[in-house]
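*Asks:* Just passing along the structure, written as structure tokens.
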Amino acid sequence: MESVKPSPAPSRPSKKRGLFLLSFAVLAAVLLLCFPEASAQGALQGLTFCLGTLLPSTFPFLVLSAFCVQSGLSRWLEPLFAPVTRTLFSLPGCCGPTILLGLLGGYPAGVRGIAALYRQGSVTAGQAARMLGFCVNAGPAFTISVIGAGLYGNLWLGCLIFFSVSGASLLLGILLGGWDRLRRRKASRPEPTSGSLPASAPLPFGEALTASAADAARGMLNACCFVILFSACLSILHTAGITVLLFRGMHAAGIPATAAASLFPLFWEIGSGAADACAFGAPLALVGGAVGFGGLCIHFQILSMASGFHPPRLPFFLSRLLHALFSAGFLLALLSLFPPFPLGEETAVFHNTASALQGGLSATHAPPIRAAAAAAALLALCIVLVAGGIRKSKGNRKIR
């Protein structure tokens with residue numbers, strides 16, 4: 001029987017970092033104690049958004065993204081995608097389905113496929129980190145249904161936003177691929193043909209589907225936890241008047257009022273931020289750029305899901321800024337070529353209302369059956385995740 005080596009004791013944080021962490025924890029505790037109702041209301045809105053919008057629109061794509069890799073379908077399709085992925089993105093052909101699902105499946109779908117490709121040994125850590133720069137994209141369910149139809153009442157505007165952020169993703173991928181070729185040429189390094197992890201064999205259909213569902217459940221619960229947390233924090237910041245102070249500071253710096261009122265919500269969490277931007281009449285280019293950027297909540301979700309290959313934080317953040325600039329530019333061009341609002345409908349779309357606006361939670365007033373179905377689906381995900389953990393622990397005990 002092998003002797004188990006004791007794990008090394010965790011190192012203590014530095015004095016400055018310890019003081020920062022203590023200050024942050026004390027401030028968070030004070031805000032939670034001073035504004036418990038705002039925290040609870042924000043968490044409830046985040047949960048409603050997860051059950052009514054995020055879970056039904058994203059989970060199937062998460063399963064499909066992982067299944068393409070687990071079943072070996074990505075490798076089988078490699079000859080079909082290789083000419084495009086190698087020429088445009090300097091990536092293996094097996095990355096093609098993941099890139100496509102990253103465009104269509106919403107922000108988390110791409111990163112789950114990238115993580116699966118890395119675990120399978122199909123891409124290196126560097127290639128996975130580079131894919132993370134352009135495979136994080138808002139899908140049509142969010143851009144067309146939530147923003148276009150739900151907030152602005154115009155499906156064509158949602159289509160234009162989707163085309164702009166998708167075009168920005170492809171352009172960013174091409175630029176990152178060209179940079180990778182230039183860097184390898186200067187260093188006289190050959191193109192990698194396999195991943196840094198040992199390649200694993202494809203799973204049978206049933207096992208691949210089960211593993212994909214469990215993997216998607218972990219990703220979905222991860223995303224929902226961050227949405228609930230950021231929604232609760234944003235509600236506290238609103239109630240405490242901190243967002244008002246930020247607005248006044250940005251407006252005093254010369255930023256127009258409509259943009260200044262929307263900047264922080266869009267930077268913090270894209271769902272509620274898009275609703276605020278619509279309510280305040282923010283420029284559409286700002287909304288398109290923010291959808292390309294994704295928001296801080298999305299960034300935390302993505303980086304936590306990509307912890308297996310440890311992507312560098314600064315390049316990832318810079319890629320999100322470039323994506324925002326490209327998306328805003330594409331949207332401005334598309335708006336000039338294909339105006340989304342027929343003559344006479346502008347006032348019907350951008351009108352004032354006395355009713356309370358729900359921050360991006362388009363499912364707040366959804367039929368009860370829809371919320372109940374989403375809750376049942378989330379419960380099923382938890383059961384799949386727990387069952388997968390039990391099966392994995394039994395397998396580990398057998399190996400020992």
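In the structure tokens, the first chain shown is A, the next is B, and so on; residue numbers restart at 1 for each chain, and ligands run from 1 in the order shown.
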Do a neighbour search on region 209-226 of chain A at 10 Å with only C-alpha atoms, toss out local chain neighbours closer than 3 positions, and write the hits as a PyMOL selection string.

*Replies:* chain A and resi 43+46-47+49-51+54-55+58-71+107-109+111-113+116+203-206+229-232+269+296-302+304-305+378+380-389

*Asks:* Excluding Pro92 (chain A) and residues on its chain fewer than 2 positions from it, collect all residues at most 12 Å away from it, counting only C-alpha atoms, and give them as number ranges by chain.

*Replies:* A: 74-75, 77-90, 94-99, 117, 121-124, 127-128, 131, 177, 191-195

*Asks:* Could you write out that same residue set with N, CA and C atoms as a tab-separated table (two decimals), in the first residue's frame?

*Replies:*
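Wrote it out as out-v8.tsv, contents follow:
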chain	number	residue	atom	x	y	z
A	74	SER	N	-15.43	15.97	-32.61
A	74	SER	CA	-14.53	17.05	-33.05
A	74	SER	C	-13.37	16.50	-33.86
A	75	ARG	N	-12.81	15.36	-33.42
A	75	ARG	CA	-11.70	14.76	-34.17
A	75	ARG	C	-12.18	14.19	-35.50
A	77	LEU	N	-14.56	15.36	-37.31
A	77	LEU	CA	-14.81	16.49	-38.22
A	77	LEU	C	-13.56	17.30	-38.52
A	78	GLU	N	-12.42	16.90	-37.95
A	78	GLU	CA	-11.19	17.68	-38.11
A	78	GLU	C	-10.82	17.92	-39.57
A	79	PRO	N	-10.87	16.90	-40.46
A	79	PRO	CA	-10.51	17.18	-41.86
A	79	PRO	C	-11.41	18.23	-42.51
A	80	LEU	N	-12.68	18.31	-42.07
A	80	LEU	CA	-13.60	19.28	-42.66
A	80	LEU	C	-13.27	20.70	-42.22
A	81	PHE	N	-12.93	20.88	-40.94
A	81	PHE	CA	-12.69	22.22	-40.42
A	81	PHE	C	-11.24	22.66	-40.54
A	82	ALA	N	-10.31	21.71	-40.73
A	82	ALA	CA	-8.88	22.03	-40.69
A	82	ALA	C	-8.47	23.14	-41.66
A	83	PRO	N	-8.92	23.12	-42.93
A	83	PRO	CA	-8.49	24.20	-43.83
A	83	PRO	C	-8.85	25.59	-43.32
A	84	VAL	N	-10.01	25.71	-42.67
A	84	VAL	CA	-10.45	27.02	-42.17
A	84	VAL	C	-9.73	27.38	-40.88
A	85	THR	N	-9.72	26.45	-39.92
A	85	THR	CA	-9.15	26.77	-38.61
A	85	THR	C	-7.64	26.99	-38.69
A	86	ARG	N	-6.94	26.22	-39.51
A	86	ARG	CA	-5.49	26.39	-39.63
A	86	ARG	C	-5.15	27.67	-40.38
A	87	THR	N	-5.92	27.98	-41.43
A	87	THR	CA	-5.62	29.15	-42.25
A	87	THR	C	-5.98	30.45	-41.52
A	88	LEU	N	-7.15	30.48	-40.90
A	88	LEU	CA	-7.62	31.73	-40.29
A	88	LEU	C	-7.13	31.89	-38.85
A	89	PHE	N	-7.18	30.81	-38.06
A	89	PHE	CA	-6.95	30.94	-36.63
A	89	PHE	C	-5.67	30.26	-36.14
A	90	SER	N	-4.94	29.58	-37.03
A	90	SER	CA	-3.73	28.84	-36.65
A	90	SER	C	-4.02	27.85	-35.52
A	94	CYS	N	-9.84	20.17	-35.08
A	94	CYS	CA	-10.79	19.73	-34.06
A	94	CYS	C	-11.38	20.88	-33.28
A	95	CYS	N	-10.80	22.09	-33.40
A	95	CYS	CA	-11.34	23.26	-32.69
A	95	CYS	C	-12.53	23.87	-33.41
A	96	GLY	N	-12.79	23.45	-34.66
A	96	GLY	CA	-13.87	24.05	-35.44
A	96	GLY	C	-15.23	24.00	-34.78
A	97	PRO	N	-15.72	22.81	-34.34
A	97	PRO	CA	-17.04	22.78	-33.68
A	97	PRO	C	-17.11	23.65	-32.43
A	98	THR	N	-16.02	23.71	-31.66
A	98	THR	CA	-16.02	24.54	-30.45
A	98	THR	C	-16.11	26.01	-30.80
A	99	ILE	N	-15.40	26.44	-31.85
A	99	ILE	CA	-15.48	27.83	-32.29
A	99	ILE	C	-16.91	28.16	-32.73
A	117	LEU	N	-11.39	20.23	-24.81
A	117	LEU	CA	-10.32	19.99	-25.78
A	117	LEU	C	-8.97	19.89	-25.09
A	121	GLY	N	-6.35	16.56	-24.57
A	121	GLY	CA	-5.03	16.61	-25.17
A	121	GLY	C	-5.03	17.05	-26.62
A	122	SER	N	-6.12	17.64	-27.09
A	122	SER	CA	-6.21	18.06	-28.49
A	122	SER	C	-5.57	19.42	-28.74
A	123	VAL	N	-5.47	20.27	-27.70
A	123	VAL	CA	-4.85	21.59	-27.83
A	123	VAL	C	-3.89	21.79	-26.65
A	124	THR	N	-2.91	22.66	-26.85
A	124	THR	CA	-1.99	23.00	-25.78
A	124	THR	C	-2.61	24.07	-24.89
A	127	GLN	N	-2.70	27.33	-26.82
A	127	GLN	CA	-3.79	27.38	-27.80
A	127	GLN	C	-5.14	27.56	-27.11
A	128	ALA	N	-5.34	26.90	-25.98
A	128	ALA	CA	-6.59	27.06	-25.24
A	128	ALA	C	-6.76	28.49	-24.75
A	131	MET	N	-7.70	30.62	-27.72
A	131	MET	CA	-9.10	30.42	-28.10
A	131	MET	C	-10.03	31.16	-27.14
A	177	GLY	N	-4.55	34.59	-34.43
A	177	GLY	CA	-3.88	33.55	-35.19
A	177	GLY	C	-2.67	34.08	-35.94
A	191	GLU	N	4.89	24.49	-35.61
A	191	GLU	CA	3.52	24.51	-35.12
A	191	GLU	C	3.24	23.26	-34.30
A	192	PRO	N	2.65	23.40	-33.09
A	192	PRO	CA	2.35	22.21	-32.28
A	192	PRO	C	1.30	21.34	-32.95
A	193	THR	N	1.53	20.04	-32.91
A	193	THR	CA	0.60	19.10	-33.55
A	193	THR	C	-0.29	18.39	-32.54
A	194	SER	N	0.01	18.49	-31.26
A	194	SER	CA	-0.82	17.82	-30.25
A	194	SER	C	-0.80	18.64	-28.98
A	195	GLY	N	-1.71	18.33	-28.07
A	195	GLY	CA	-1.80	19.07	-26.84
A	195	GLY	C	-0.71	18.71	-25.85

*Asks:* Could you check the closest approach to Leu314 (chain A) for each of A:Gly133, A:Ser23, A:Phe267, A:Arg248 and tell me which residue wins, using only C-alpha atoms?

*Replies:*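 Comparing A:Gly133, A:Ser23, A:Phe267, A:Arg248 against Leu314 (chain A), the winner is A:Gly133.
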
*Asks:* Got a sec: who's within 7 Å of Ala324 (chain A), counting only C-alpha atoms, leaving out chain neighbours fewer than 5 positions off, as a list in words?

*Replies:* Gly289, Ala290, Gly292 and Phe293 of chain A

*Asks:* Given only C-alpha atoms as the basis, pick out the residue of A:Ala149, A:His323, A:Leu160, A:Arg181 nearest to Ser336 (chain A).

*Replies:*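 Answer, going by the shortest atom-to-atom distance: A:Leu160.
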